[in-house]
Amino acid sequence: MSDEIRTARSIKPVWQAVVALSLLVCYAAFSSAVGAAGVERRAITIWSDGTRMAADLWLPAGSGDGVKRPAILLTHGWGGERSHLNNTYAPKFANAGFVVLAFDYRGWADSDSRLVIIGDQPRPDENGEVTVRARAIREVVDPHDQVRDITSALDYLAGEPGVDVDRIGIWGTSYSGGHVIVVGARDKRVAAIVSQVGYQGVGWTPERRRFADQRATDKARGVIDPIPQGIDVVPNLRGTPDLAKMADYRPIDSAQDVRVPTLVIDVTGEDLFDRMKNGHAVYEILQNNVQAEYRTFPGKHYGIYNQHYPAASSLALDWFRRYLMQQ
């Protein structure tokens, strides 16, 4: 398998060893209805850095009785959509008594686009308003923006009247399996973490790093769009990776600051990156400071979403029950 970069617009499939795929796109093929008698699903809006994100809040049976309940924030991977979470994890976790939140990152699925002004920005009028032409930015993979969106979703969840802010868990998979380590290390509202087949930022070669640095220079000098779209595409994946923003993103470096119980789930035949240098390496750091477990399933990356979905989702649910449900 070669690490050579093919062109400025297309990177060989080995890039898949550098970034975790959004695995959730396969959910529709295997998702099954989960019994959710009494569970309420409510469409909501979350604002993240001024952009509207579409989301769904799942309320367990009995909500509205004045009792504060534990909550779980679901975060999907590279190009995943909340619709897939709504067909799998969300109803399952809500049926177990958790308030659950699933959302779409900015520029993805039902969430609004980010906007970049075309041409010169006019002077604001007396009300501070301007009229501009703008380009809608869609389906860009920027880990720093995604972490900000996850934090905005936590902000919303913390304001929900029926949520116990001391019992919020966060679940992430593939690319967001790294995000939850970063957010869990920074945000004191996170009380438990599940990181599933997570890419933790380990695997960049010097050649890829040099290419990403060039992309940063190209952006700064206006050679490419400030928020790139349609370049450096990854075969078989939706979206544009913002390589300049990915180059310095290493969730593993945040692991030493995590102070809450964390479950790491991997597959033994991980085919997109080296699990020993990513998920397992994070676990080895975590176990020195927190209650941590490392569990594996046989097979490759996508197996966690089909044949292993029932067992893996139940493993995550049991973890949240153990650390978020009152004894």
# chains A, B, ... in the order shown; residues from 1 in each chain; ligands from 1
call {"tool": "select_by_dssp", "arguments": {"residues": "region 126-170 of chain A", "states": "strand (DSSP E)", "output": "PyMOL selection string"}}
result
chain A and resi 133-137+140-141+163-170
call {"tool": "residues_around", "arguments": {"residues": "region 177-182 of chain A", "least_positions_apart": "2", "cutoff": "9 Å", "atoms": "only C-alpha atoms", "output": "MDAnalysis selection string"}}
result
chainID A and resid 20 75:77 143:144 146:147 150 170:175 184:187 193:201 250:255 257:258 262 264 278:279 282
call {"tool": "atom_distance", "arguments": {"atom1": "CA of Tyr294 (chain A)", "atom2": "CA of Val202 (chain A)"}}
result
17.9 Å
call {"tool": "residues_around", "arguments": {"residues": "Asp213 (chain A)", "least_positions_apart": "6", "cutoff": "9 Å", "atoms": "only C-alpha atoms", "output": "ChimeraX atom specification"}}
result
/A:243-244,247
call {"tool": "write_last_selection", "arguments": {"atoms": "C-alpha atoms", "output": "short mmCIF file (atom, residue, chain, number, x, y, z; two decimals), in the first residue's frame"}}
result
data_model
loop_
_atom_site.label_atom_id
_atom_site.label_comp_id
_atom_site.auth_asym_id
_atom_site.auth_seq_id
_atom_site.Cartn_x
_atom_site.Cartn_y
_atom_site.Cartn_z
CA LEU A 243 -6.19 18.93 5.23
CA ALA A 244 -4.72 22.13 6.62
CA ALA A 247 -2.71 18.20 10.15
#
call {"tool": "atom_distance", "arguments": {"atom1": "CA of Asp266 (chain A)", "atom2": "CA of Lys300 (chain A)"}}
result
9.2 Å
call {"tool": "decode", "arguments": {"residues": "region 246-259 of chain A", "atoms": "N, CA and C atoms", "output": "PDB file, in the first residue's frame"}}
result
ATOM      1  N   MET A 246      -6.670  19.464   9.510  1.00  0.00           N
ATOM      2  CA  MET A 246      -6.502  18.123  10.067  1.00  0.00           C
ATOM      3  C   MET A 246      -5.069  17.841  10.533  1.00  0.00           C
ATOM      4  N   ALA A 247      -4.111  18.553   9.956  1.00  0.00           N
ATOM      5  CA  ALA A 247      -2.708  18.200  10.145  1.00  0.00           C
ATOM      6  C   ALA A 247      -2.281  18.208  11.610  1.00  0.00           C
ATOM      7  N   ASP A 248      -2.793  19.140  12.382  1.00  0.00           N
ATOM      8  CA  ASP A 248      -2.372  19.253  13.780  1.00  0.00           C
ATOM      9  C   ASP A 248      -3.397  18.671  14.743  1.00  0.00           C
ATOM     10  N   TYR A 249      -4.333  17.887  14.225  1.00  0.00           N
ATOM     11  CA  TYR A 249      -5.420  17.368  15.064  1.00  0.00           C
ATOM     12  C   TYR A 249      -5.080  15.955  15.547  1.00  0.00           C
ATOM     13  N   ARG A 250      -4.746  15.833  16.834  1.00  0.00           N
ATOM     14  CA  ARG A 250      -4.342  14.563  17.423  1.00  0.00           C
ATOM     15  C   ARG A 250      -5.095  14.357  18.743  1.00  0.00           C
ATOM     16  N   PRO A 251      -6.273  13.756  18.681  1.00  0.00           N
ATOM     17  CA  PRO A 251      -7.010  13.517  19.915  1.00  0.00           C
ATOM     18  C   PRO A 251      -6.219  12.756  20.973  1.00  0.00           C
ATOM     19  N   ILE A 252      -5.297  11.898  20.547  1.00  0.00           N
ATOM     20  CA  ILE A 252      -4.521  11.126  21.511  1.00  0.00           C
ATOM     21  C   ILE A 252      -3.770  12.035  22.483  1.00  0.00           C
ATOM     22  N   ASP A 253      -3.428  13.238  22.048  1.00  0.00           N
ATOM     23  CA  ASP A 253      -2.705  14.159  22.917  1.00  0.00           C
ATOM     24  C   ASP A 253      -3.584  14.704  24.036  1.00  0.00           C
ATOM     25  N   SER A 254      -4.905  14.556  23.911  1.00  0.00           N
ATOM     26  CA  SER A 254      -5.826  15.020  24.948  1.00  0.00           C
ATOM     27  C   SER A 254      -6.147  13.926  25.960  1.00  0.00           C
ATOM     28  N   ALA A 255      -5.793  12.688  25.646  1.00  0.00           N
ATOM     29  CA  ALA A 255      -6.204  11.555  26.482  1.00  0.00           C
ATOM     30  C   ALA A 255      -5.717  11.689  27.922  1.00  0.00           C
ATOM     31  N   GLN A 256      -4.540  12.243  28.123  1.00  0.00           N
ATOM     32  CA  GLN A 256      -3.991  12.361  29.468  1.00  0.00           C
ATOM     33  C   GLN A 256      -4.809  13.297  30.353  1.00  0.00           C
ATOM     34  N   ASP A 257      -5.664  14.119  29.740  1.00  0.00           N
ATOM     35  CA  ASP A 257      -6.475  15.067  30.505  1.00  0.00           C
ATOM     36  C   ASP A 257      -7.891  14.572  30.759  1.00  0.00           C
ATOM     37  N   VAL A 258      -8.243  13.404  30.260  1.00  0.00           N
ATOM     38  CA  VAL A 258      -9.570  12.843  30.512  1.00  0.00           C
ATOM     39  C   VAL A 258      -9.637  12.351  31.953  1.00  0.00           C
ATOM     40  N   ARG A 259     -10.721  12.682  32.635  1.00  0.00           N
ATOM     41  CA  ARG A 259     -10.872  12.303  34.036  1.00  0.00           C
ATOM     42  C   ARG A 259     -12.209  11.619  34.316  1.00  0.00           C
TER      43      ARG A 259
END
